[in-house]
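Here is the file work.pdb (PDB, C-alpha atoms).
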```pdb
ATOM      1  CA  MET A1333     -74.915  14.956  -7.345
ATOM      2  CA  THR A1334     -71.905  14.503  -5.125
ATOM      3  CA  THR A1335     -72.183  10.765  -5.462
ATOM      4  CA  ARG A1336     -72.404  11.028  -9.297
ATOM      5  CA  ARG A1337     -69.424  13.402  -9.443
ATOM      6  CA  THR A1338     -67.412  11.126  -7.155
ATOM      7  CA  LEU A1339     -68.250   8.109  -9.276
ATOM      8  CA  LEU A1340     -67.311   9.886 -12.530
ATOM      9  CA  GLY A1341     -64.092  11.052 -10.931
ATOM     10  CA  ALA A1342     -63.264   7.545  -9.881
ATOM     11  CA  LEU A1343     -63.994   6.215 -13.360
ATOM     12  CA  GLY A1344     -61.869   8.934 -14.913
ATOM     13  CA  ALA A1345     -59.006   8.074 -12.588
ATOM     14  CA  THR A1346     -59.137   4.359 -13.310
ATOM     15  CA  PRO A1347     -56.677   4.330 -16.248
ATOM     16  CA  ALA A1348     -54.067   6.183 -14.221
ATOM     17  CA  LEU A1349     -54.547   3.837 -11.283
ATOM     18  CA  THR A1350     -54.134   0.737 -13.443
ATOM     19  CA  ILE A1351     -51.025   2.108 -15.156
ATOM     20  CA  LEU A1352     -49.097   2.443 -11.898
ATOM     21  CA  PRO A1353     -49.353  -1.189 -10.771
ATOM     22  CA  ALA A1354     -48.557  -2.353 -14.306
ATOM     23  CA  ALA A1355     -45.489  -0.143 -14.359
ATOM     24  CA  ALA A1356     -44.412  -1.535 -11.018
ATOM     25  CA  GLN A1357     -44.876  -5.093 -12.276
ATOM     26  CA  ASP A1358     -42.970  -4.356 -15.487
ATOM     27  CA  ALA A1359     -40.042  -2.696 -13.705
ATOM     28  CA  ALA A1360     -36.755  -4.071 -14.902
ATOM     29  CA  PHE A1361     -35.695  -7.222 -13.050
ATOM     30  CA  PRO A1362     -34.395  -7.134 -10.386
ATOM     31  CA  ASN A1363     -35.873  -4.312  -8.329
ATOM     32  CA  ARG A1364     -35.392  -5.856  -4.881
ATOM     33  CA  PRO A1365     -32.920  -8.220  -3.137
ATOM     34  CA  ILE A1366     -32.372 -11.759  -4.431
ATOM     35  CA  ARG A1367     -31.665 -14.740  -2.198
ATOM     36  CA  ILE A1368     -29.644 -17.844  -2.996
ATOM     37  CA  LEU A1369     -30.651 -20.873  -0.930
ATOM     38  CA  LEU A1370     -27.777 -23.154  -0.007
ATOM     39  CA  ALA A1371     -28.108 -26.697   1.328
ATOM     40  CA  PHE A1372     -24.974 -26.461   3.471
ATOM     41  CA  ALA A1373     -23.977 -24.850   6.757
ATOM     42  CA  PRO A1374     -21.956 -21.616   6.826
ATOM     43  CA  GLY A1375     -18.186 -21.805   6.696
ATOM     44  CA  GLY A1376     -17.592 -24.718   4.326
ATOM     45  CA  GLY A1377     -16.162 -24.747   0.824
ATOM     46  CA  THR A1378     -19.586 -24.702  -0.834
ATOM     47  CA  ASP A1379     -20.626 -21.743   1.316
ATOM     48  CA  LEU A1380     -17.526 -19.830   0.242
ATOM     49  CA  ILE A1381     -18.197 -20.601  -3.428
ATOM     50  CA  ALA A1382     -21.811 -19.442  -3.111
ATOM     51  CA  ARG A1383     -20.893 -16.202  -1.345
ATOM     52  CA  THR A1384     -18.103 -15.433  -3.813
ATOM     53  CA  VAL A1385     -20.450 -15.821  -6.778
ATOM     54  CA  ALA A1386     -23.310 -13.996  -5.025
ATOM     55  CA  SER A1387     -21.101 -10.991  -4.293
ATOM     56  CA  ALA A1388     -19.976 -10.753  -7.916
ATOM     57  CA  MET A1389     -23.515 -11.181  -9.302
ATOM     58  CA  GLN A1390     -24.764  -8.473  -6.970
ATOM     59  CA  GLY A1391     -22.401  -6.002  -8.618
ATOM     60  CA  VAL A1392     -23.804  -6.926 -12.038
ATOM     61  CA  LEU A1393     -27.499  -6.950 -11.090
ATOM     62  CA  GLY A1394     -27.437  -3.829  -8.936
ATOM     63  CA  GLN A1395     -29.357  -5.465  -6.090
ATOM     64  CA  PRO A1396     -28.210  -7.357  -2.966
ATOM     65  CA  VAL A1397     -27.764 -11.103  -3.547
ATOM     66  CA  VAL A1398     -27.956 -12.802  -0.161
ATOM     67  CA  VAL A1399     -26.931 -16.388   0.608
ATOM     68  CA  GLU A1400     -29.353 -18.156   2.948
ATOM     69  CA  ASN A1401     -28.100 -21.416   4.476
ATOM     70  CA  ARG A1402     -30.716 -24.181   4.766
ATOM     71  CA  PRO A1403     -28.767 -27.365   5.685
ATOM     72  CA  GLY A1404     -30.397 -30.695   6.476
ATOM     73  CA  ALA A1405     -31.926 -33.861   4.988
ATOM     74  CA  GLY A1406     -29.092 -34.293   2.506
ATOM     75  CA  GLY A1407     -29.906 -30.985   0.844
ATOM     76  CA  ASN A1408     -33.611 -31.737   0.408
ATOM     77  CA  ILE A1409     -34.769 -28.923   2.712
ATOM     78  CA  ALA A1410     -33.164 -26.137   0.682
ATOM     79  CA  THR A1411     -34.097 -27.787  -2.609
ATOM     80  CA  GLU A1412     -37.771 -28.099  -1.669
ATOM     81  CA  ALA A1413     -37.881 -24.521  -0.344
ATOM     82  CA  ALA A1414     -36.503 -23.186  -3.627
ATOM     83  CA  ALA A1415     -38.756 -25.368  -5.776
ATOM     84  CA  THR A1416     -41.906 -24.197  -3.991
ATOM     85  CA  SER A1417     -40.984 -20.498  -4.028
ATOM     86  CA  ARG A1418     -42.650 -17.981  -6.321
ATOM     87  CA  PRO A1419     -41.151 -18.320  -9.832
ATOM     88  CA  ASP A1420     -40.080 -14.711 -10.191
ATOM     89  CA  GLY A1421     -36.276 -14.949 -10.089
ATOM     90  CA  TYR A1422     -35.913 -13.632  -6.553
ATOM     91  CA  THR A1423     -35.288 -17.080  -5.050
ATOM     92  CA  ILE A1424     -32.445 -19.122  -6.528
ATOM     93  CA  LEU A1425     -31.033 -22.479  -5.476
ATOM     94  CA  MET A1426     -27.333 -23.239  -5.426
ATOM     95  CA  GLY A1427     -27.913 -26.865  -6.311
ATOM     96  CA  ASN A1428     -25.332 -29.613  -6.305
ATOM     97  CA  HIS A1429     -25.055 -33.232  -7.400
ATOM     98  CA  GLY A1430     -26.493 -34.585  -4.121
ATOM     99  CA  PRO A1431     -30.015 -33.164  -3.996
ATOM    100  CA  MET A1432     -30.282 -32.731  -7.758
ATOM    101  CA  SER A1433     -29.057 -36.117  -8.996
ATOM    102  CA  VAL A1434     -28.334 -38.532  -6.143
ATOM    103  CA  ASN A1435     -31.069 -38.145  -3.537
ATOM    104  CA  VAL A1436     -33.842 -39.477  -5.763
ATOM    105  CA  SER A1437     -32.088 -42.848  -5.513
ATOM    106  CA  LEU A1438     -31.389 -42.584  -1.778
ATOM    107  CA  PHE A1439     -34.545 -41.117  -0.223
ATOM    108  CA  ARG A1440     -37.830 -42.961  -0.552
ATOM    109  CA  ASN A1441     -40.164 -40.136   0.446
ATOM    110  CA  MET A1442     -38.969 -37.022  -1.371
ATOM    111  CA  ARG A1443     -41.811 -34.527  -1.694
ATOM    112  CA  ILE A1444     -40.632 -33.140  -5.029
ATOM    113  CA  ASP A1445     -38.716 -34.302  -8.058
ATOM    114  CA  PRO A1446     -36.030 -31.603  -8.299
ATOM    115  CA  GLU A1447     -35.431 -32.257 -12.001
ATOM    116  CA  ARG A1448     -39.072 -31.430 -12.748
ATOM    117  CA  ALA A1449     -39.581 -28.700 -10.154
ATOM    118  CA  LEU A1450     -36.519 -26.591 -10.979
ATOM    119  CA  GLU A1451     -35.042 -25.070 -14.126
ATOM    120  CA  PRO A1452     -31.242 -24.815 -14.478
ATOM    121  CA  ILE A1453     -29.719 -21.379 -15.093
ATOM    122  CA  GLY A1454     -26.115 -22.480 -15.478
ATOM    123  CA  LEU A1455     -23.319 -24.440 -13.869
ATOM    124  CA  VAL A1456     -21.133 -22.414 -11.500
ATOM    125  CA  ALA A1457     -18.200 -24.750 -10.922
ATOM    126  CA  ASP A1458     -17.007 -28.337 -10.996
ATOM    127  CA  ALA A1459     -14.845 -29.549  -8.107
ATOM    128  CA  PRO A1460     -12.895 -32.810  -8.133
ATOM    129  CA  LEU A1461     -12.273 -34.736  -4.940
ATOM    130  CA  VAL A1462      -8.950 -36.144  -3.732
ATOM    131  CA  VAL A1463      -7.898 -39.730  -2.932
ATOM    132  CA  VAL A1464      -5.751 -39.626   0.214
ATOM    133  CA  VAL A1465      -3.934 -42.092   2.457
ATOM    134  CA  GLY A1466      -2.380 -41.652   5.885
ATOM    135  CA  PRO A1467       1.355 -41.342   6.623
ATOM    136  CA  LYS A1468       1.571 -45.031   7.612
ATOM    137  CA  SER A1469       0.389 -46.200   4.207
ATOM    138  CA  ARG A1470       3.016 -47.621   1.856
ATOM    139  CA  ALA A1471       1.092 -46.582  -1.250
ATOM    140  CA  GLN A1472       2.862 -43.827  -3.158
ATOM    141  CA  ASN A1473       0.405 -43.775  -6.035
ATOM    142  CA  LEU A1474      -3.103 -44.954  -6.862
ATOM    143  CA  ARG A1475      -1.962 -48.155  -8.567
ATOM    144  CA  GLN A1476      -0.159 -49.244  -5.402
ATOM    145  CA  LEU A1477      -3.216 -48.440  -3.278
ATOM    146  CA  LEU A1478      -5.480 -50.515  -5.548
ATOM    147  CA  ASP A1479      -3.000 -53.393  -5.378
ATOM    148  CA  GLU A1480      -3.130 -53.235  -1.569
ATOM    149  CA  VAL A1481      -6.947 -53.197  -1.611
ATOM    150  CA  ARG A1482      -6.926 -56.218  -3.933
ATOM    151  CA  ALA A1483      -4.499 -58.099  -1.676
ATOM    152  CA  ALA A1484      -6.699 -57.368   1.359
ATOM    153  CA  ASN A1485      -9.504 -59.364  -0.304
ATOM    154  CA  GLY A1486     -12.375 -57.200   0.929
ATOM    155  CA  GLN A1487     -10.831 -56.365   4.309
ATOM    156  CA  ALA A1488      -9.472 -52.924   3.329
ATOM    157  CA  THR A1489     -11.413 -49.973   4.751
ATOM    158  CA  TYR A1490     -12.296 -46.515   3.487
ATOM    159  CA  GLY A1491     -14.067 -43.643   5.192
ATOM    160  CA  SER A1492     -16.614 -41.086   4.043
ATOM    161  CA  ALA A1493     -18.453 -38.026   5.326
ATOM    162  CA  SER A1494     -21.694 -40.079   5.489
ATOM    163  CA  ASN A1495     -23.651 -42.738   3.666
ATOM    164  CA  GLY A1496     -24.494 -41.484   0.190
ATOM    165  CA  SER A1497     -22.147 -38.499   0.411
ATOM    166  CA  ALA A1498     -19.945 -37.405  -2.478
ATOM    167  CA  SER A1499     -16.938 -39.028  -0.792
ATOM    168  CA  HIS A1500     -18.806 -42.328  -0.406
ATOM    169  CA  LEU A1501     -20.108 -42.423  -3.969
ATOM    170  CA  ALA A1502     -16.766 -41.451  -5.497
ATOM    171  CA  ALA A1503     -15.029 -44.304  -3.665
ATOM    172  CA  ALA A1504     -17.785 -46.783  -4.474
ATOM    173  CA  LEU A1505     -17.528 -45.904  -8.168
ATOM    174  CA  MET A1506     -13.733 -46.249  -8.123
ATOM    175  CA  LEU A1507     -13.930 -49.681  -6.517
ATOM    176  CA  GLN A1508     -16.641 -50.853  -8.910
ATOM    177  CA  MET A1509     -14.676 -49.755 -11.971
ATOM    178  CA  ALA A1510     -11.518 -51.418 -10.608
ATOM    179  CA  GLY A1511     -13.411 -54.633  -9.780
ATOM    180  CA  LEU A1512     -12.495 -54.407  -6.095
ATOM    181  CA  ARG A1513     -14.234 -54.654  -2.722
ATOM    182  CA  ALA A1514     -13.544 -52.774   0.501
ATOM    183  CA  GLU A1515     -15.419 -52.052   3.712
ATOM    184  CA  HIS A1516     -17.098 -48.659   3.906
ATOM    185  CA  VAL A1517     -16.966 -46.822   7.256
ATOM    186  CA  PRO A1518     -19.303 -43.798   7.325
ATOM    187  CA  PHE A1519     -18.785 -40.846   9.673
ATOM    188  CA  ARG A1520     -20.702 -37.691  10.499
ATOM    189  CA  GLY A1521     -18.603 -35.345   8.445
ATOM    190  CA  ALA A1522     -15.275 -35.474   6.656
ATOM    191  CA  GLY A1523     -13.264 -34.272   9.674
ATOM    192  CA  PRO A1524     -13.735 -37.337  11.906
ATOM    193  CA  ALA A1525     -13.128 -39.687   8.974
ATOM    194  CA  LEU A1526      -9.872 -37.938   8.090
ATOM    195  CA  THR A1527      -8.748 -38.214  11.716
ATOM    196  CA  ASP A1528      -8.942 -42.000  11.353
ATOM    197  CA  VAL A1529      -7.099 -41.858   8.016
ATOM    198  CA  VAL A1530      -4.278 -39.895   9.663
ATOM    199  CA  ALA A1531      -4.184 -42.376  12.571
ATOM    200  CA  GLY A1532      -3.980 -45.325  10.185
ATOM    201  CA  HIS A1533      -7.344 -46.808  11.166
ATOM    202  CA  LEU A1534      -8.631 -46.432   7.605
ATOM    203  CA  ASP A1535      -6.754 -47.406   4.459
ATOM    204  CA  PHE A1536      -7.910 -44.485   2.337
ATOM    205  CA  MET A1537     -10.559 -41.867   1.762
ATOM    206  CA  ILE A1538     -11.855 -39.762  -1.114
ATOM    207  CA  THR A1539     -12.833 -36.305   0.073
ATOM    208  CA  THR A1540     -13.323 -32.694  -0.993
ATOM    209  CA  LEU A1541     -10.239 -30.525  -1.268
ATOM    210  CA  PRO A1542     -11.299 -27.853   1.289
ATOM    211  CA  SER A1543     -11.740 -30.553   3.941
ATOM    212  CA  VAL A1544      -8.236 -31.963   3.463
ATOM    213  CA  VAL A1545      -5.979 -29.255   2.023
ATOM    214  CA  GLY A1546      -4.575 -28.334   5.452
ATOM    215  CA  LEU A1547      -3.687 -31.954   6.187
ATOM    216  CA  ILE A1548      -2.017 -32.287   2.795
ATOM    217  CA  GLN A1549       0.048 -29.158   3.375
ATOM    218  CA  GLY A1550       0.993 -30.413   6.846
ATOM    219  CA  GLY A1551       2.087 -33.807   5.540
ATOM    220  CA  GLN A1552      -0.504 -35.657   7.610
ATOM    221  CA  VAL A1553      -2.091 -37.267   4.554
ATOM    222  CA  ARG A1554      -0.706 -38.043   1.103
ATOM    223  CA  PRO A1555      -2.756 -37.249  -2.027
ATOM    224  CA  LEU A1556      -2.632 -40.008  -4.633
ATOM    225  CA  ALA A1557      -5.124 -38.868  -7.262
ATOM    226  CA  VAL A1558      -7.859 -36.369  -8.041
ATOM    227  CA  THR A1559     -11.245 -37.475  -9.314
ATOM    228  CA  GLY A1560     -11.756 -35.042 -12.192
ATOM    229  CA  GLU A1561     -10.752 -35.510 -15.812
ATOM    230  CA  GLY A1562      -7.394 -33.773 -15.398
ATOM    231  CA  ARG A1563      -4.981 -32.246 -12.903
ATOM    232  CA  ILE A1564      -5.964 -29.214 -10.855
ATOM    233  CA  ALA A1565      -4.058 -25.996 -10.176
ATOM    234  CA  VAL A1566      -3.959 -26.483  -6.399
ATOM    235  CA  LEU A1567      -2.369 -29.969  -6.701
ATOM    236  CA  PRO A1568      -0.595 -29.851 -10.059
ATOM    237  CA  GLU A1569       1.617 -32.850  -9.292
ATOM    238  CA  VAL A1570      -1.304 -35.166  -8.485
ATOM    239  CA  PRO A1571      -2.654 -37.169 -11.468
ATOM    240  CA  PRO A1572      -6.329 -37.960 -12.078
ATOM    241  CA  VAL A1573      -7.809 -41.345 -11.181
ATOM    242  CA  ALA A1574      -8.566 -41.720 -14.898
ATOM    243  CA  ASP A1575      -4.843 -42.197 -15.571
ATOM    244  CA  THR A1576      -5.147 -45.499 -13.706
ATOM    245  CA  ILE A1577      -8.847 -46.300 -14.273
ATOM    246  CA  PRO A1578      -9.752 -45.004 -17.759
ATOM    247  CA  GLY A1579     -13.124 -43.266 -17.964
ATOM    248  CA  TYR A1580     -13.390 -42.551 -14.238
ATOM    249  CA  LYS A1581     -14.798 -39.190 -13.150
ATOM    250  CA  ALA A1582     -16.601 -38.176  -9.975
ATOM    251  CA  THR A1583     -16.849 -34.505  -9.110
ATOM    252  CA  ALA A1584     -18.864 -32.258  -6.855
ATOM    253  CA  TRP A1585     -20.600 -29.637  -8.980
ATOM    254  CA  TYR A1586     -22.561 -26.511  -8.110
ATOM    255  CA  GLY A1587     -25.095 -24.674 -10.252
ATOM    256  CA  LEU A1588     -27.894 -22.120 -10.085
ATOM    257  CA  LEU A1589     -31.521 -23.170 -10.540
ATOM    258  CA  VAL A1590     -34.879 -21.400 -10.243
ATOM    259  CA  PRO A1591     -38.444 -22.634  -9.708
ATOM    260  CA  ARG A1592     -40.033 -23.959 -12.883
ATOM    261  CA  GLY A1593     -42.135 -21.277 -14.537
ATOM    262  CA  THR A1594     -39.673 -18.446 -13.957
ATOM    263  CA  PRO A1595     -39.946 -16.110 -17.000
ATOM    264  CA  ALA A1596     -37.389 -16.706 -19.750
ATOM    265  CA  ASP A1597     -36.180 -13.087 -19.744
ATOM    266  CA  VAL A1598     -35.527 -13.282 -15.993
ATOM    267  CA  GLN A1599     -33.603 -16.519 -16.446
ATOM    268  CA  ALA A1600     -31.572 -14.911 -19.234
ATOM    269  CA  LYS A1601     -30.672 -11.959 -17.010
ATOM    270  CA  LEU A1602     -29.567 -14.253 -14.188
ATOM    271  CA  TYR A1603     -27.470 -16.319 -16.591
ATOM    272  CA  GLY A1604     -25.857 -13.157 -17.962
ATOM    273  CA  ALA A1605     -24.994 -12.025 -14.432
ATOM    274  CA  LEU A1606     -23.544 -15.454 -13.659
ATOM    275  CA  ARG A1607     -21.393 -15.348 -16.795
ATOM    276  CA  GLU A1608     -20.034 -11.923 -15.875
ATOM    277  CA  ALA A1609     -19.344 -13.081 -12.318
ATOM    278  CA  LEU A1610     -17.440 -16.146 -13.497
ATOM    279  CA  ALA A1611     -15.339 -13.997 -15.851
ATOM    280  CA  ASN A1612     -14.121 -11.923 -12.895
ATOM    281  CA  PRO A1613     -10.415 -12.750 -12.252
ATOM    282  CA  ASP A1614     -10.873 -12.515  -8.479
ATOM    283  CA  VAL A1615     -13.821 -14.941  -8.595
ATOM    284  CA  ILE A1616     -11.808 -17.349 -10.765
ATOM    285  CA  ARG A1617      -8.889 -17.221  -8.332
ATOM    286  CA  ARG A1618     -11.048 -17.788  -5.258
ATOM    287  CA  LEU A1619     -12.890 -20.723  -6.837
ATOM    288  CA  ARG A1620      -9.653 -22.352  -7.927
ATOM    289  CA  ASP A1621      -8.228 -21.859  -4.434
ATOM    290  CA  GLU A1622     -11.098 -24.081  -3.294
ATOM    291  CA  GLY A1623     -10.202 -26.688  -5.904
ATOM    292  CA  ALA A1624     -13.180 -25.750  -8.077
ATOM    293  CA  GLU A1625     -13.015 -24.955 -11.782
ATOM    294  CA  PRO A1626     -15.384 -22.202 -13.030
ATOM    295  CA  SER A1627     -17.812 -23.458 -15.674
ATOM    296  CA  SER A1628     -19.247 -21.990 -18.871
ATOM    297  CA  MET A1629     -22.117 -24.486 -19.042
ATOM    298  CA  ASP A1630     -25.519 -22.925 -19.817
ATOM    299  CA  GLY A1631     -28.913 -24.048 -18.566
ATOM    300  CA  LYS A1632     -29.582 -26.556 -21.348
ATOM    301  CA  ALA A1633     -26.240 -28.302 -20.935
ATOM    302  CA  PHE A1634     -26.615 -28.174 -17.153
ATOM    303  CA  ALA A1635     -29.979 -29.951 -17.429
ATOM    304  CA  GLU A1636     -28.325 -32.701 -19.489
ATOM    305  CA  LEU A1637     -25.588 -33.040 -16.849
ATOM    306  CA  ILE A1638     -28.193 -33.421 -14.087
ATOM    307  CA  ARG A1639     -29.989 -36.123 -16.074
ATOM    308  CA  TRP A1640     -26.777 -38.018 -16.869
ATOM    309  CA  GLU A1641     -25.563 -37.850 -13.258
ATOM    310  CA  ARG A1642     -28.931 -39.045 -12.007
ATOM    311  CA  GLU A1643     -28.742 -42.165 -14.173
ATOM    312  CA  ARG A1644     -25.109 -43.033 -13.455
ATOM    313  CA  TRP A1645     -25.358 -42.628  -9.676
ATOM    314  CA  ALA A1646     -28.569 -44.649  -9.569
ATOM    315  CA  THR A1647     -26.568 -47.549 -11.007
ATOM    316  CA  VAL A1648     -23.701 -47.081  -8.533
ATOM    317  CA  ILE A1649     -26.094 -46.846  -5.581
ATOM    318  CA  ARG A1650     -27.974 -49.971  -6.655
ATOM    319  CA  GLN A1651     -24.848 -52.057  -7.251
ATOM    320  CA  ALA A1652     -23.226 -50.965  -3.974
ATOM    321  CA  ASN A1653     -26.516 -51.292  -2.041
ATOM    322  CA  ILE A1654     -26.056 -47.803  -0.578
ATOM    323  CA  THR A1655     -28.695 -46.492   1.824
ATOM    324  CA  VAL A1656     -28.927 -43.279   3.839
ATOM    325  CA  ASP A1657     -28.431 -43.186   7.622
TER     326      ASP A1657
END
```
How would this structure read if it were set down as structure tokens?
Amino acid sequence: MTTRRTLLGALGATPALTILPAAAQDAAFPNRPIRILLAFAPGGGTDLIARTVASAMQGVLGQPVVVENRPGAGGNIATEAAATSRPDGYTILMGNHGPMSVNVSLFRNMRIDPERALEPIGLVADAPLVVVVGPKSRAQNLRQLLDEVRAANGQATYGSASNGSASHLAAALMLQMAGLRAEHVPFRGAGPALTDVVAGHLDFMITTLPSVVGLIQGGQVRPLAVTGEGRIAVLPEVPPVADTIPGYKATAWYGLLVPRGTPADVQAKLYGALREALANPDVIRRLRDEGAEPSSMDGKAFAELIRWERERWATVIRQANITVD
């Protein structure tokens, strides 16, 4: 009798027991902390951008949004970790042009195709790079620098943060579009390369603004052009490369992506939080201080950007015979 009563009681309790887990599963997203994986070490410009946006999104979503740095393998480590995470919106990737569009042409043994494994939420910001020369250079503008490179007949030198880095690709594209040749000298990071630019050992370099802004302000390097479509607020007197080489553009961009299969309503909520964050005047100011321009690009347009960048850089990499270290 006890067994029968216990069984009936258990059966009678079943609906209530099933309702609770369902309610927990259907709780409004998010109901626990969210993490943003970042393919760069702490302290750099990209890290600052990610933390600025994360802090603002956290205020909108009502849950902690934590940036987790996963540097290494040209960004492939963080990208793979995000792509293989549970598609529930609680793991986001701050993706950039390297791992999303360039690495497929540089690395032979990538375990995932990021374009297929991840779904774009929206573009966060677009950041042009800067063409700089050292104090010993006679070039006062980009046209004069290109004339000097042409006169050197392939003997001019330029530095970069590494083979296949944004600084390398931006310079390679500029030279290709100008019909010029120069010797590429890769370094382990922008800092050492800029040291050689300042010393006059390298003729020029294209680099990110955060890595060089102090040297520009100190007069140790001279900015000749920026690589976006127009001038930027931080260097309003510096024209774009496109003024000299029509059609040129090479920027570092940053956007949020989630594992493929993440529910549409979750993606919509993340995009809404991103839009609110990027409308915050303090966020706008901090991004522009880093030389980055906040974006309004949604997931669909972001996906098209990734695809277009993938195709164009594949051509540049092939023509310049660029390989990773």
All residues 8 Å or closer to Met1506 of chain A, all atoms listed in the file, same chain fewer than 3 positions away omitted, as a VMD selection string: chain A and resid 1502 to 1503 1509 to 1510 1577 1580
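If you measure from each of A:Gly1391, A:Gly1604, A:Gly1407, A:Gly1486 to Met1442 of chain A using all atoms listed in the file, the closest one turns out to be A:Gly1407.
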Resolved residues for the PyMOL selection byres ((chain A and resi 1622) around 12) as a VMD selection string: chain A and resid 1376 to 1382 1384 1457 to 1461 1540 to 1546 1564 to 1567 1584 1615 to 1621 1623 to 1626
Point-to-point distance in Å for atom CA of Ala1582 of chain A and atom CA of Thr1423 of chain A: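 Taking atom CA of Thr1423 of chain A as the start and atom CA of Ala1582 of chain A as the end point, the length is 28.6 Å.
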From A:Glu1641, A:Gly1454, A:Gln1549, A:Leu1526, residue lying nearest Arg1607 of chain A [all atoms listed in the file]: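 Among the listed residues, A:Gly1454 lies closest to Arg1607 of chain A.
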With N, CA and C atoms as the target, complete segment 1434-1448 of chain A and hand it back as an mmCIF file, keeping the file's coordinate frame.
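In the end it all went to result.cif:
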```
data_model
loop_
_atom_site.group_PDB
_atom_site.id
_atom_site.type_symbol
_atom_site.label_atom_id
_atom_site.label_comp_id
_atom_site.auth_asym_id
_atom_site.auth_seq_id
_atom_site.Cartn_x
_atom_site.Cartn_y
_atom_site.Cartn_z
ATOM 1 N N VAL A 1434 -28.584 -37.320 -6.932
ATOM 2 C CA VAL A 1434 -28.334 -38.532 -6.143
ATOM 3 C C VAL A 1434 -29.503 -38.880 -5.230
ATOM 4 N N ASN A 1435 -30.087 -37.886 -4.597
ATOM 5 C CA ASN A 1435 -31.069 -38.145 -3.537
ATOM 6 C C ASN A 1435 -32.302 -38.906 -4.005
ATOM 7 N N VAL A 1436 -32.660 -38.755 -5.272
ATOM 8 C CA VAL A 1436 -33.842 -39.477 -5.763
ATOM 9 C C VAL A 1436 -33.635 -40.986 -5.683
ATOM 10 N N SER A 1437 -32.384 -41.422 -5.642
ATOM 11 C CA SER A 1437 -32.088 -42.848 -5.513
ATOM 12 C C SER A 1437 -31.824 -43.265 -4.072
ATOM 13 N N LEU A 1438 -31.704 -42.294 -3.173
ATOM 14 C CA LEU A 1438 -31.389 -42.584 -1.778
ATOM 15 C C LEU A 1438 -32.583 -42.431 -0.843
ATOM 16 N N PHE A 1439 -33.418 -41.425 -1.109
ATOM 17 C CA PHE A 1439 -34.545 -41.117 -0.223
ATOM 18 C C PHE A 1439 -35.845 -41.637 -0.831
ATOM 19 N N ARG A 1440 -36.597 -42.367 -0.042
ATOM 20 C CA ARG A 1440 -37.830 -42.961 -0.552
ATOM 21 C C ARG A 1440 -38.997 -41.989 -0.584
ATOM 22 N N ASN A 1441 -38.983 -40.988 0.296
ATOM 23 C CA ASN A 1441 -40.164 -40.136 0.446
ATOM 24 C C ASN A 1441 -39.875 -38.669 0.128
ATOM 25 N N MET A 1442 -39.192 -38.408 -0.960
ATOM 26 C CA MET A 1442 -38.969 -37.022 -1.371
ATOM 27 C C MET A 1442 -40.282 -36.406 -1.827
ATOM 28 N N ARG A 1443 -40.534 -35.174 -1.370
ATOM 29 C CA ARG A 1443 -41.811 -34.527 -1.694
ATOM 30 C C ARG A 1443 -41.843 -33.968 -3.109
ATOM 31 N N ILE A 1444 -40.689 -33.696 -3.678
ATOM 32 C CA ILE A 1444 -40.632 -33.140 -5.029
ATOM 33 C C ILE A 1444 -39.602 -33.914 -5.852
ATOM 34 N N ASP A 1445 -39.750 -33.816 -7.147
ATOM 35 C CA ASP A 1445 -38.716 -34.302 -8.058
ATOM 36 C C ASP A 1445 -37.955 -33.059 -8.503
ATOM 37 N N PRO A 1446 -36.744 -32.849 -8.007
ATOM 38 C CA PRO A 1446 -36.030 -31.603 -8.299
ATOM 39 C C PRO A 1446 -35.807 -31.365 -9.786
ATOM 40 N N GLU A 1447 -35.660 -32.428 -10.564
ATOM 41 C CA GLU A 1447 -35.431 -32.257 -12.001
ATOM 42 C C GLU A 1447 -36.650 -31.658 -12.691
ATOM 43 N N ARG A 1448 -37.842 -31.970 -12.164
ATOM 44 C CA ARG A 1448 -39.072 -31.430 -12.748
ATOM 45 C C ARG A 1448 -39.477 -30.095 -12.131
#
```
